[in-house]
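Data block for run-v8.json (JSON, C-alpha atoms):
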[["chain", "number", "residue", "atom", "x", "y", "z"],
["A", 258, "MET", "CA", 93.95, 91.97, 66.76],
["A", 259, "LYS", "CA", 92.17, 95.27, 66.44],
["A", 260, "SER", "CA", 94.43, 98.30, 66.45],
["A", 261, "PRO", "CA", 93.46, 101.44, 68.40],
["A", 262, "HIS", "CA", 91.60, 104.18, 66.59],
["A", 263, "SER", "CA", 93.99, 106.90, 65.49],
["A", 264, "LEU", "CA", 91.84, 109.69, 66.96],
["A", 265, "LYS", "CA", 91.75, 108.28, 70.47],
["A", 266, "GLN", "CA", 94.02, 109.82, 73.06],
["A", 267, "LYS", "CA", 96.02, 108.26, 75.85],
["A", 268, "SER", "CA", 94.20, 108.47, 79.16],
["A", 269, "SER", "CA", 95.02, 111.08, 81.78],
["A", 270, "ARG", "CA", 96.14, 110.12, 85.28],
["A", 271, "THR", "CA", 92.74, 111.12, 86.64],
["A", 272, "GLU", "CA", 90.59, 109.12, 84.21],
["A", 273, "ARG", "CA", 88.73, 106.30, 85.93],
["A", 274, "VAL", "CA", 86.75, 103.36, 84.59],
["A", 275, "THR", "CA", 84.42, 101.49, 86.96],
["A", 276, "LEU", "CA", 82.98, 98.03, 86.31],
["A", 277, "ALA", "CA", 80.53, 96.35, 88.68],
["A", 278, "THR", "CA", 78.19, 93.47, 89.39],
["A", 279, "PRO", "CA", 76.08, 93.15, 92.55],
["A", 280, "ALA", "CA", 79.00, 91.21, 94.08],
["A", 281, "LEU", "CA", 82.09, 92.97, 92.65],
["A", 282, "ARG", "CA", 83.46, 96.43, 91.97],
["A", 283, "LEU", "CA", 86.51, 97.09, 89.82],
["A", 284, "GLU", "CA", 88.17, 100.48, 89.27],
["A", 285, "LEU", "CA", 90.72, 100.98, 86.51],
["A", 286, "ALA", "CA", 93.25, 103.78, 86.11],
["A", 287, "PRO", "CA", 94.07, 103.71, 82.37],
["A", 288, "GLY", "CA", 96.44, 106.66, 82.66],
["A", 289, "ILE", "CA", 98.55, 105.01, 85.37],
["A", 290, "GLY", "CA", 100.02, 101.94, 83.75],
["A", 291, "GLY", "CA", 96.62, 100.63, 82.69],
["A", 292, "GLY", "CA", 96.37, 99.45, 86.28],
["A", 293, "ILE", "CA", 93.71, 98.59, 88.83],
["A", 294, "THR", "CA", 93.12, 100.81, 91.86],
["A", 295, "ARG", "CA", 90.31, 98.81, 93.49],
["A", 296, "PHE", "CA", 88.91, 95.30, 93.26],
["A", 297, "ASP", "CA", 86.33, 94.75, 95.98],
["A", 298, "TRP", "CA", 83.79, 92.20, 97.18],
["A", 299, "MET", "CA", 80.56, 94.06, 97.88],
["A", 300, "ARG", "CA", 78.61, 93.18, 101.01],
["A", 301, "GLY", "CA", 75.69, 95.48, 100.46],
["A", 302, "THR", "CA", 77.23, 98.94, 100.51],
["A", 303, "ASP", "CA", 80.38, 97.73, 102.30],
["A", 304, "ALA", "CA", 83.46, 97.07, 100.15],
["A", 305, "VAL", "CA", 85.80, 94.26, 101.23],
["A", 306, "PRO", "CA", 89.13, 94.52, 99.34],
["A", 307, "LEU", "CA", 90.20, 91.55, 97.23],
["A", 308, "PHE", "CA", 93.25, 93.51, 96.01],
["A", 309, "ARG", "CA", 94.85, 96.12, 98.24],
["A", 310, "PRO", "CA", 92.80, 99.31, 97.80],
["A", 311, "VAL", "CA", 94.34, 102.63, 96.79],
["A", 312, "GLU", "CA", 92.94, 106.09, 96.17],
["A", 313, "GLN", "CA", 93.73, 106.99, 92.58],
["A", 314, "ALA", "CA", 94.35, 110.64, 93.39],
["A", 315, "ARG", "CA", 97.11, 109.57, 95.78],
["A", 316, "VAL", "CA", 98.91, 107.17, 93.43],
["A", 317, "ALA", "CA", 102.28, 108.76, 92.71],
["A", 318, "ASP", "CA", 103.85, 105.68, 91.15],
["A", 319, "PRO", "CA", 102.59, 102.47, 89.50],
["A", 320, "THR", "CA", 104.12, 100.43, 92.35],
["A", 321, "GLU", "CA", 101.34, 101.87, 94.52],
["A", 322, "LEU", "CA", 98.56, 100.39, 92.38],
["A", 323, "ALA", "CA", 96.38, 97.43, 93.36],
["A", 324, "CYS", "CA", 97.46, 95.56, 90.23],
["A", 325, "PHE", "CA", 99.27, 96.24, 86.95],
["A", 326, "PRO", "CA", 100.05, 94.34, 83.72],
["A", 327, "LEU", "CA", 103.39, 92.71, 82.99],
["A", 328, "VAL", "CA", 104.15, 93.11, 79.30],
["A", 329, "PRO", "CA", 106.26, 92.40, 77.23],
["A", 330, "TYR", "CA", 108.10, 90.54, 80.02],
["A", 331, "SER", "CA", 107.95, 89.96, 83.76],
["A", 332, "ASN", "CA", 110.40, 91.07, 86.42],
["A", 333, "ARG", "CA", 114.13, 91.71, 85.87],
["A", 334, "ILE", "CA", 116.58, 91.23, 83.00],
["A", 335, "ALA", "CA", 120.13, 90.84, 84.33],
["A", 336, "ASN", "CA", 122.43, 93.65, 83.21],
["A", 337, "GLY", "CA", 119.80, 94.73, 80.67],
["A", 338, "ARG", "CA", 121.21, 92.37, 78.08],
["A", 339, "PHE", "CA", 120.58, 88.97, 76.51],
["A", 340, "VAL", "CA", 121.31, 87.02, 73.32],
["A", 341, "PHE", "CA", 118.43, 85.86, 71.12],
["A", 342, "GLU", "CA", 118.75, 84.01, 67.81],
["A", 343, "GLY", "CA", 122.41, 85.00, 67.67],
["A", 344, "ARG", "CA", 121.71, 88.70, 68.20],
["A", 345, "GLU", "CA", 122.75, 90.68, 71.26],
["A", 346, "VAL", "CA", 119.78, 92.59, 72.64],
["A", 347, "ASP", "CA", 120.13, 95.55, 75.00],
["A", 348, "VAL", "CA", 117.28, 96.67, 77.25],
["A", 349, "ALA", "CA", 117.74, 99.98, 79.05],
["A", 350, "PRO", "CA", 116.86, 100.33, 82.76],
["A", 351, "ASN", "CA", 113.38, 101.81, 83.16],
["A", 352, "ARG", "CA", 113.40, 102.82, 86.83],
["A", 353, "ALA", "CA", 115.74, 105.21, 88.61],
["A", 354, "ASP", "CA", 115.58, 103.04, 91.74],
["A", 355, "GLU", "CA", 116.30, 99.76, 89.91],
["A", 356, "ARG", "CA", 119.64, 98.47, 88.64],
["A", 357, "PHE", "CA", 118.02, 96.27, 85.97],
["A", 358, "PRO", "CA", 115.07, 96.83, 83.60],
["A", 359, "LEU", "CA", 111.91, 95.73, 85.40],
["A", 360, "HIS", "CA", 108.49, 94.38, 84.32],
["A", 361, "GLY", "CA", 108.61, 95.68, 80.75],
["A", 362, "SER", "CA", 107.15, 99.05, 79.80],
["A", 363, "GLY", "CA", 103.38, 98.49, 79.88],
["A", 364, "TRP", "CA", 103.03, 99.32, 83.58],
["A", 365, "LEU", "CA", 104.84, 102.64, 83.11],
["A", 366, "LYS", "CA", 102.68, 103.97, 80.26],
["A", 367, "ALA", "CA", 99.29, 105.62, 79.88],
["A", 368, "TRP", "CA", 96.80, 103.32, 78.14],
["A", 369, "THR", "CA", 93.90, 104.27, 75.88],
["A", 370, "VAL", "CA", 90.30, 103.33, 76.68],
["A", 371, "GLU", "CA", 89.08, 101.54, 73.58],
["A", 372, "ALA", "CA", 85.66, 100.56, 74.93],
["A", 373, "ALA", "CA", 83.84, 100.50, 78.25],
["A", 374, "THR", "CA", 80.46, 99.35, 79.51],
["A", 375, "GLY", "CA", 79.18, 98.77, 83.02],
["A", 376, "THR", "CA", 80.75, 95.31, 83.15],
["A", 377, "SER", "CA", 83.58, 95.28, 80.59],
["A", 378, "ALA", "CA", 86.38, 97.47, 79.27],
["A", 379, "THR", "CA", 89.28, 97.31, 76.81],
["A", 380, "LEU", "CA", 92.47, 99.31, 77.22],
["A", 381, "SER", "CA", 95.19, 99.51, 74.57],
["A", 382, "LEU", "CA", 98.80, 100.60, 74.30],
["A", 383, "VAL", "CA", 101.11, 101.27, 71.36],
["A", 384, "GLU", "CA", 104.77, 101.07, 72.39],
["A", 385, "ARG", "CA", 107.38, 102.33, 69.93],
["A", 386, "GLY", "CA", 110.39, 101.80, 72.16],
["A", 387, "ARG", "CA", 113.53, 99.74, 71.66],
["A", 388, "PRO", "CA", 114.14, 96.87, 71.51],
["A", 389, "TYR", "CA", 110.45, 96.11, 72.15],
["A", 390, "ALA", "CA", 107.93, 97.77, 69.85],
["A", 391, "PHE", "CA", 104.46, 96.32, 70.31],
["A", 392, "TYR", "CA", 100.71, 96.75, 70.52],
["A", 393, "ALA", "CA", 99.03, 95.47, 73.67],
["A", 394, "ALA", "CA", 95.45, 95.27, 74.89],
["A", 395, "GLN", "CA", 93.86, 94.44, 78.21],
["A", 396, "HIS", "CA", 90.29, 93.15, 78.22],
["A", 397, "PHE", "CA", 88.48, 93.32, 81.58],
["A", 398, "GLU", "CA", 85.12, 91.75, 82.35],
["A", 399, "VAL", "CA", 83.19, 91.18, 85.58],
["A", 400, "VAL", "CA", 80.46, 88.54, 85.63],
["A", 401, "ASP", "CA", 78.75, 87.49, 88.87],
["A", 402, "THR", "CA", 81.67, 86.89, 91.26],
["A", 403, "THR", "CA", 84.46, 86.61, 88.65],
["A", 404, "LEU", "CA", 86.90, 89.12, 87.17],
["A", 405, "THR", "CA", 88.52, 88.03, 83.90],
["A", 406, "VAL", "CA", 91.57, 89.84, 82.55],
["A", 407, "ARG", "CA", 92.79, 88.88, 79.08],
["A", 408, "ILE", "CA", 96.06, 90.44, 77.94],
["A", 409, "GLU", "CA", 97.32, 90.26, 74.36],
["A", 410, "VAL", "CA", 100.47, 91.57, 72.75],
["A", 411, "GLU", "CA", 101.59, 91.86, 69.13],
["A", 412, "ASN", "CA", 105.19, 92.34, 68.03],
["A", 413, "ARG", "CA", 105.33, 95.59, 66.03],
["A", 414, "GLY", "CA", 109.11, 95.49, 65.71],
["A", 415, "LYS", "CA", 111.23, 94.46, 62.75],
["A", 416, "VAL", "CA", 112.80, 91.34, 64.26],
["A", 417, "ALA", "CA", 111.71, 88.39, 66.39],
["A", 418, "LEU", "CA", 112.01, 88.75, 70.15],
["A", 419, "PRO", "CA", 110.95, 86.70, 73.19],
["A", 420, "PHE", "CA", 107.71, 87.99, 74.72],
["A", 421, "GLY", "CA", 106.00, 87.15, 77.99],
["A", 422, "ILE", "CA", 102.87, 88.19, 79.88],
["A", 423, "GLY", "CA", 101.89, 88.29, 83.52],
["A", 424, "LEU", "CA", 99.76, 90.10, 86.06],
["A", 425, "HIS", "CA", 100.98, 91.76, 89.27],
["A", 426, "PRO", "CA", 98.21, 91.95, 91.89],
["A", 427, "PHE", "CA", 98.80, 93.12, 95.46],
["A", 428, "LEU", "CA", 96.62, 91.09, 97.81],
["A", 429, "PRO", "CA", 95.56, 92.00, 101.37],
["A", 430, "ARG", "CA", 97.51, 90.19, 104.07],
["A", 431, "THR", "CA", 95.66, 89.58, 107.33],
["A", 432, "PRO", "CA", 97.03, 87.72, 110.37],
["A", 433, "GLN", "CA", 95.37, 84.49, 109.24],
["A", 434, "THR", "CA", 95.85, 84.67, 105.46],
["A", 435, "LEU", "CA", 96.36, 81.25, 103.86],
["A", 436, "LEU", "CA", 97.63, 80.30, 100.41],
["A", 437, "LEU", "CA", 96.97, 77.16, 98.36],
["A", 438, "ALA", "CA", 99.17, 77.12, 95.22],
["A", 439, "PRO", "CA", 101.01, 73.83, 94.63],
["A", 440, "ALA", "CA", 104.02, 73.95, 92.32],
["A", 441, "THR", "CA", 106.72, 71.36, 91.65],
["A", 442, "GLY", "CA", 109.74, 73.64, 91.32],
["A", 443, "MET", "CA", 111.17, 76.91, 92.60],
["A", 444, "TRP", "CA", 113.79, 79.36, 91.41],
["A", 445, "GLN", "CA", 115.55, 80.60, 94.52],
["A", 446, "SER", "CA", 116.43, 84.30, 94.30],
["A", 447, "GLY", "CA", 119.60, 86.01, 95.42],
["A", 448, "ARG", "CA", 120.15, 89.40, 97.00],
["A", 449, "ASP", "CA", 119.73, 91.11, 93.63],
["A", 450, "TRP", "CA", 116.39, 89.23, 93.20],
["A", 451, "LEU", "CA", 117.77, 87.27, 90.24],
["A", 452, "PRO", "CA", 117.38, 83.48, 90.28],
["A", 453, "THR", "CA", 120.36, 81.55, 91.60],
["A", 454, "ARG", "CA", 119.29, 77.91, 91.30],
["A", 455, "HIS", "CA", 116.26, 75.76, 90.48],
["A", 456, "LEU", "CA", 115.04, 73.38, 93.19],
["A", 457, "HIS", "CA", 112.32, 70.89, 93.77],
["A", 458, "THR", "CA", 109.89, 73.01, 95.77],
["A", 459, "PRO", "CA", 110.98, 72.92, 99.43],
["A", 460, "ALA", "CA", 108.34, 71.68, 101.87],
["A", 461, "ALA", "CA", 108.13, 75.14, 103.46],
["A", 462, "TYR", "CA", 106.86, 76.57, 100.14],
["A", 463, "SER", "CA", 104.91, 73.64, 98.70],
["A", 464, "TYR", "CA", 101.45, 75.12, 99.42],
["A", 465, "GLY", "CA", 99.88, 71.80, 98.50],
["A", 466, "ILE", "CA", 97.43, 72.55, 101.29],
["A", 467, "ALA", "CA", 96.20, 75.94, 102.45],
["A", 468, "TYR", "CA", 99.12, 77.19, 104.54],
["A", 469, "PRO", "CA", 100.10, 80.49, 106.21],
["A", 470, "LEU", "CA", 102.36, 82.88, 104.34],
["A", 471, "PRO", "CA", 106.06, 83.08, 105.25],
["A", 472, "GLY", "CA", 106.86, 85.32, 108.18],
["A", 473, "ARG", "CA", 109.98, 86.62, 106.43],
["A", 474, "MET", "CA", 110.80, 88.24, 103.12],
["A", 475, "VAL", "CA", 110.32, 85.84, 100.20],
["A", 476, "ASN", "CA", 110.68, 86.74, 96.51],
["A", 477, "HIS", "CA", 110.84, 83.46, 94.59],
["A", 478, "ALA", "CA", 109.52, 82.22, 91.24],
["A", 479, "PHE", "CA", 107.63, 78.91, 91.21],
["A", 480, "THR", "CA", 107.41, 76.51, 88.25],
["A", 481, "GLY", "CA", 105.27, 73.49, 87.47],
["A", 482, "TRP", "CA", 102.15, 75.27, 88.69],
["A", 483, "MET", "CA", 98.82, 73.92, 87.43],
["A", 484, "GLY", "CA", 97.38, 77.40, 86.98],
["A", 485, "ARG", "CA", 95.06, 77.24, 89.99],
["A", 486, "ALA", "CA", 95.47, 78.87, 93.41],
["A", 487, "ARG", "CA", 93.33, 79.92, 96.34],
["A", 488, "VAL", "CA", 93.90, 82.75, 98.81],
["A", 489, "LEU", "CA", 91.85, 82.54, 102.01],
["A", 490, "TRP", "CA", 91.08, 85.20, 104.60],
["A", 491, "PRO", "CA", 89.53, 83.06, 107.37],
["A", 492, "GLU", "CA", 88.69, 86.04, 109.59],
["A", 493, "LEU", "CA", 86.45, 87.31, 106.81],
["A", 494, "GLY", "CA", 85.05, 83.98, 105.65],
["A", 495, "LEU", "CA", 86.25, 85.01, 102.20],
["A", 496, "ALA", "CA", 88.48, 83.41, 99.57],
["A", 497, "LEU", "CA", 89.80, 84.36, 96.15],
["A", 498, "ASP", "CA", 90.34, 81.66, 93.53],
["A", 499, "VAL", "CA", 93.00, 82.47, 90.92],
["A", 500, "ALA", "CA", 93.11, 80.74, 87.54],
["A", 501, "ALA", "CA", 95.56, 81.43, 84.71],
["A", 502, "ASP", "CA", 96.74, 79.75, 81.52],
["A", 503, "THR", "CA", 100.31, 80.00, 82.79],
["A", 504, "ASP", "CA", 102.36, 77.43, 84.67],
["A", 505, "GLN", "CA", 104.44, 79.75, 86.85],
["A", 506, "TYR", "CA", 103.97, 82.38, 89.53],
["A", 507, "LEU", "CA", 106.01, 84.73, 91.69],
["A", 508, "LEU", "CA", 105.43, 85.04, 95.42],
["A", 509, "TYR", "CA", 106.58, 88.23, 97.13],
["A", 510, "THR", "CA", 106.04, 88.63, 100.87],
["A", 511, "PRO", "CA", 107.70, 91.78, 102.23],
["A", 512, "GLU", "CA", 108.02, 92.06, 105.98],
["A", 513, "ARG", "CA", 105.72, 94.26, 108.05],
["A", 514, "LYS", "CA", 103.31, 94.95, 105.19],
["A", 515, "ASP", "CA", 99.56, 94.40, 105.11],
["A", 516, "TRP", "CA", 99.80, 93.04, 101.56],
["A", 517, "PHE", "CA", 101.67, 90.43, 99.52],
["A", 518, "CYS", "CA", 102.00, 89.66, 95.80],
["A", 519, "PHE", "CA", 100.91, 86.51, 93.99],
["A", 520, "GLU", "CA", 101.84, 87.07, 90.35],
["A", 521, "PRO", "CA", 100.74, 84.56, 87.69],
["A", 522, "VAL", "CA", 103.31, 84.70, 84.88],
["A", 523, "ASP", "CA", 104.39, 82.59, 81.91],
["A", 524, "HIS", "CA", 108.13, 82.77, 82.64],
["A", 525, "PRO", "CA", 110.50, 83.15, 85.60],
["A", 526, "VAL", "CA", 112.70, 86.10, 86.47],
["A", 527, "ASN", "CA", 115.51, 86.71, 83.94],
["A", 528, "ALA", "CA", 114.21, 83.93, 81.68],
["A", 529, "VAL", "CA", 116.10, 85.42, 78.73],
["A", 530, "ASN", "CA", 119.42, 84.65, 80.41],
["A", 531, "LEU", "CA", 118.68, 81.30, 82.04],
["A", 532, "PRO", "CA", 120.33, 78.13, 80.66],
["A", 533, "GLY", "CA", 118.55, 77.07, 77.49],
["A", 534, "GLY", "CA", 117.21, 80.54, 76.77],
["A", 535, "ALA", "CA", 113.94, 82.41, 76.97],
["A", 536, "VAL", "CA", 111.69, 80.02, 75.04],
["A", 537, "ALA", "CA", 112.84, 77.04, 77.08],
["A", 538, "HIS", "CA", 111.61, 78.87, 80.16],
["A", 539, "GLY", "CA", 108.13, 79.83, 78.98],
["A", 540, "MET", "CA", 108.57, 82.93, 76.86],
["A", 541, "THR", "CA", 107.23, 82.97, 73.29],
["A", 542, "ALA", "CA", 109.29, 83.97, 70.24],
["A", 543, "LEU", "CA", 107.17, 86.43, 68.26],
["A", 544, "GLY", "CA", 108.16, 87.51, 64.78],
["A", 545, "PRO", "CA", 106.89, 90.80, 63.34],
["A", 546, "GLY", "CA", 103.08, 90.76, 63.37],
["A", 547, "GLN", "CA", 102.78, 87.68, 65.56],
["A", 548, "ARG", "CA", 100.86, 87.82, 68.82],
["A", 549, "LEU", "CA", 100.46, 86.17, 72.19],
["A", 550, "GLU", "CA", 97.65, 86.27, 74.76],
["A", 551, "ARG", "CA", 97.08, 85.08, 78.32],
["A", 552, "THR", "CA", 93.94, 84.96, 80.46],
["A", 553, "PHE", "CA", 93.65, 85.45, 84.23],
["A", 554, "ARG", "CA", 90.53, 84.90, 86.36],
["A", 555, "PHE", "CA", 89.80, 85.91, 89.94],
["A", 556, "THR", "CA", 86.68, 84.51, 91.60],
["A", 557, "ALA", "CA", 85.49, 85.57, 95.06],
["A", 558, "ASP", "CA", 84.01, 82.87, 97.28],
["A", 559, "LEU", "CA", 82.37, 82.91, 100.71],
["A", 560, "PHE", "CA", 82.97, 80.08, 103.15],
["A", 561, "ALA", "CA", 81.77, 79.48, 106.69],
["A", 562, "THR", "CA", 84.80, 77.92, 108.39],
["A", 563, "ILE", "CA", 86.89, 80.28, 110.52],
["A", 564, "SER", "CA", 90.46, 79.01, 110.70],
["A", 565, "LEU", "CA", 92.47, 78.88, 113.89],
["A", 566, "PHE", "CA", 95.80, 78.82, 112.01],
["A", 567, "GLN", "CA", 98.37, 81.37, 113.08],
["A", 568, "PRO", "CA", 101.15, 82.71, 110.83],
["A", 569, "ARG", "CA", 104.38, 80.74, 111.05],
["A", 570, "ALA", "CA", 107.32, 82.43, 112.64],
["A", 571, "ASP", "CA", 110.03, 81.83, 109.99]]
Just give me the structure as structure tokens.
Amino acid sequence: MKSPHSLKQKSSRTERVTLATPALRLELAPGIGGGITRFDWMRGTDAVPLFRPVEQARVADPTELACFPLVPYSNRIANGRFVFEGREVDVAPNRADERFPLHGSGWLKAWTVEAATGTSATLSLVERGRPYAFYAAQHFEVVDTTLTVRIEVENRGKVALPFGIGLHPFLPRTPQTLLLAPATGMWQSGRDWLPTRHLHTPAAYSYGIAYPLPGRMVNHAFTGWMGRARVLWPELGLALDVAADTDQYLLYTPERKDWFCFEPVDHPVNAVNLPGGAVAHGMTALGPGQRLERTFRFTADLFATISLFQPRAD
């Protein structure tokens, strides 16, 4: 893994990197969590959002981005504490509005632009925090109708720790939005958004066929995913195919919002404290100098059929 050049500086909040093909446009905000502010399908000069669009100048917080990286772990760690290889590990809260540490530190940091062309870019981050000290890189590339995001992380600490990677896109939600994302299992979340029990995926959330999104708040982690999903916007005749080398995802559908989250991840919420431990639930034990990488692909697709499905009322 190439380390960042010592003379390069972390990006400012206003720095922007734009990648494009005739069919796609991607805008990155390296200084705001190494996140994405726009990912659009281009119909001539008209931009149709594939991720929820935001104006970079108006982003006050990474939660307002179109997408951000999840590294070195996804979602929450209960009580900011876990035991790994016989050692007690403490992780401090990283958000004033959150009881537990959330999503790691990558999304809260300014990243450095290592390289950028018209169709590809690499962003890097050196994190010297505790307990997680690491080097991470995000590699973005747009080719034809596909965006590929490859995220890698290297343990720069002195001891082994469980690491995980994910991606947190916010997708447009229209009245007819459909989701196809079959998974065999589901971690049901409680009021604190931590998993309470693991179930065979209930029929209401099986998504073995393209099905409307829940009409109520859902924030569950799904397991036994084959790493392929499809989001359809029938009113637009547009779909987005998602592919990842992970076998889990989180689905978050807040009420009365024009967006939802489909987050491909390699471990469920609070994996470090689930029975059996972090590695049993998809995280990877990295010793000093060891690394992990995951790849995510998003491919836009036009289709002619206009669906008559209506959102379910649950």
Task: For Arg554 of chain A, the nearest of the candidates A:Leu418, A:Leu285, A:Val400, A:Leu508, counting all atoms listed in the file - done: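 Closest to Arg554 of chain A of all the choices is A:Val400.
Coordinates place atom CA of His477 of chain A at a distance of 11.8 Å from atom CA of Asp449 of chain A.
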- [ ] Compare A:Gly534, A:Pro525, A:Pro459, A:Gly447 by their minimum atom-to-atom distance to Ala478 of chain A, counting all atoms listed in the file, and give me the closest one.
- [x]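 Of A:Gly534, A:Pro525, A:Pro459, A:Gly447, the one nearest Ala478 of chain A is A:Pro525, counting all atoms listed in the file.
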Open item on the list: Using all atoms listed in the file for the distances, tell me which of A:Asp347, A:Glu512, A:Asp523, A:Asp504 is nearest to Leu470 of chain A.
Closed with: A:Glu512
Open item on the list: Can you tell me which residues surround segment 273-279 of chain A at a distance of at most 6 Å, considering only C-alpha atoms, apart from same-chain residues fewer than 4 positions away, and format the answer as number ranges by chain?
Closed with: A: 283-286, 375-376
Task: Pairwise distance for atom CA of Gly301 of chain A and atom CA of Ala500 of chain A, rounded to one decimal in Å - done: 26.2 Å
Could you give me, as a PDB file with C-alpha atoms, in the coordinates of the input, the residues that sit within 8 Å of (100.1, 98.1, 95.6) in the file's coordinates, counting all atoms listed in the file?
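part18.pdb, freshly written:
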ATOM      1  CA  ARG A 309      94.850  96.120  98.240  1.00  0.00           C
ATOM      2  CA  PRO A 310      92.800  99.310  97.800  1.00  0.00           C
ATOM      3  CA  VAL A 311      94.340 102.630  96.790  1.00  0.00           C
ATOM      4  CA  PRO A 319     102.590 102.470  89.500  1.00  0.00           C
ATOM      5  CA  THR A 320     104.120 100.430  92.350  1.00  0.00           C
ATOM      6  CA  GLU A 321     101.340 101.870  94.520  1.00  0.00           C
ATOM      7  CA  LEU A 322      98.560 100.390  92.380  1.00  0.00           C
ATOM      8  CA  ALA A 323      96.380  97.430  93.360  1.00  0.00           C
ATOM      9  CA  CYS A 324      97.460  95.560  90.230  1.00  0.00           C
ATOM     10  CA  PRO A 426      98.210  91.950  91.890  1.00  0.00           C
ATOM     11  CA  PHE A 427      98.800  93.120  95.460  1.00  0.00           C
ATOM     12  CA  TRP A 516      99.800  93.040 101.560  1.00  0.00           C
TER      13      TRP A 516
END
Open item on the list: Need the shell around Ala317 of chain A: protein/DNA/RNA residues with any atom at most 12 Å away, counting all atoms listed in the file. Skip same-chain ones fewer than 5 positions apart. Format as an MDAnalysis selection string?
Closed with: chainID A and resid 270:271 288:290 311:312 322 365
Open item on the list: Restricting the calculation to only C-alpha atoms: of A:Asn527, A:Thr434, A:Thr556, A:Gln266, which residue gets closest to Leu380 of chain A?
Closed with: A:Gln266
Task: Test item: residues at most 9 Å from Arg413 of chain A, only C-alpha atoms, excluding those fewer than 5 positions along its chain, as a list in words - done: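 Residues meeting the cut-off are Val383, Glu384, Arg385, Tyr389, Ala390, Phe391, Tyr392, Gly544, Pro545, Gly546 and Gln547 of chain A.
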TODO: Identify, on the basis of all atoms listed in the file, every residue whose closest approach to Val526 of chain A does not exceed 8 Å; exclude the query and any residue fewer than 5 positions from it along the same chain; express the result as a count of residues only.
DONE: 7
Open item on the list: Using all atoms listed in the file, which protein or nucleic acid residues come within 9 Å of Arg356 of chain A? Drop anything in the same chain fewer than 4 positions from it, and give the result as a list of chain:residue names.
Closed with: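 So, after excluding close chain neighbours, the residues are A:Ala335, A:Asn336, A:Gly337, A:Pro350, A:Asn351, A:Arg352, A:Asp449.
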Task: Atom pair atom CA of Tyr509 of chain A / atom CA of Val475 of chain A: separation (Å) - done: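 Taking atom CA of Tyr509 of chain A and atom CA of Val475 of chain A, their separation equals 5.4 Å.
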Task: Counting only C-alpha atoms, the option among A:Pro532, A:His360, A:Thr441, A:Arg387 closest to Gly414 of chain A - done: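 For Gly414 of chain A, the nearest of the candidates is A:Arg387.
Among the candidates A:Gly472, A:Gly343, A:Gly533, A:Pro388, the residue lying nearest to Ser362 of chain A is A:Pro388 (atoms considered: only C-alpha atoms).
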May I ask you to restore N, CA and C atoms in segment 421-432 of chain A and write the result as a tab-separated table (two decimals), in the frame of the given file?
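Final output, selection_15.tsv:
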chain	number	residue	atom	x	y	z
A	421	GLY	N	106.68	87.82	76.89
A	421	GLY	CA	106.00	87.15	77.99
A	421	GLY	C	104.93	88.06	78.57
A	422	ILE	N	104.00	87.46	79.30
A	422	ILE	CA	102.87	88.19	79.88
A	422	ILE	C	102.66	87.72	81.31
A	423	GLY	N	102.27	88.63	82.15
A	423	GLY	CA	101.89	88.29	83.52
A	423	GLY	C	101.00	89.36	84.11
A	424	LEU	N	100.59	89.14	85.34
A	424	LEU	CA	99.76	90.10	86.06
A	424	LEU	C	100.33	90.23	87.46
A	425	HIS	N	100.31	91.46	88.00
A	425	HIS	CA	100.98	91.76	89.27
A	425	HIS	C	99.99	92.32	90.30
A	426	PRO	N	99.13	91.46	90.86
A	426	PRO	CA	98.21	91.95	91.89
A	426	PRO	C	98.86	92.01	93.26
A	427	PHE	N	98.43	92.99	94.06
A	427	PHE	CA	98.80	93.12	95.46
A	427	PHE	C	97.59	92.70	96.28
A	428	LEU	N	97.74	91.66	97.09
A	428	LEU	CA	96.62	91.09	97.81
A	428	LEU	C	96.69	91.46	99.29
A	429	PRO	N	95.54	91.69	99.93
A	429	PRO	CA	95.56	92.00	101.37
A	429	PRO	C	96.16	90.85	102.17
A	430	ARG	N	96.95	91.19	103.17
A	430	ARG	CA	97.51	90.19	104.07
A	430	ARG	C	97.00	90.43	105.48
A	431	THR	N	96.19	89.52	105.97
A	431	THR	CA	95.66	89.58	107.33
A	431	THR	C	96.45	88.60	108.19
A	432	PRO	N	96.28	88.64	109.51
A	432	PRO	CA	97.03	87.72	110.37
A	432	PRO	C	96.81	86.24	110.04
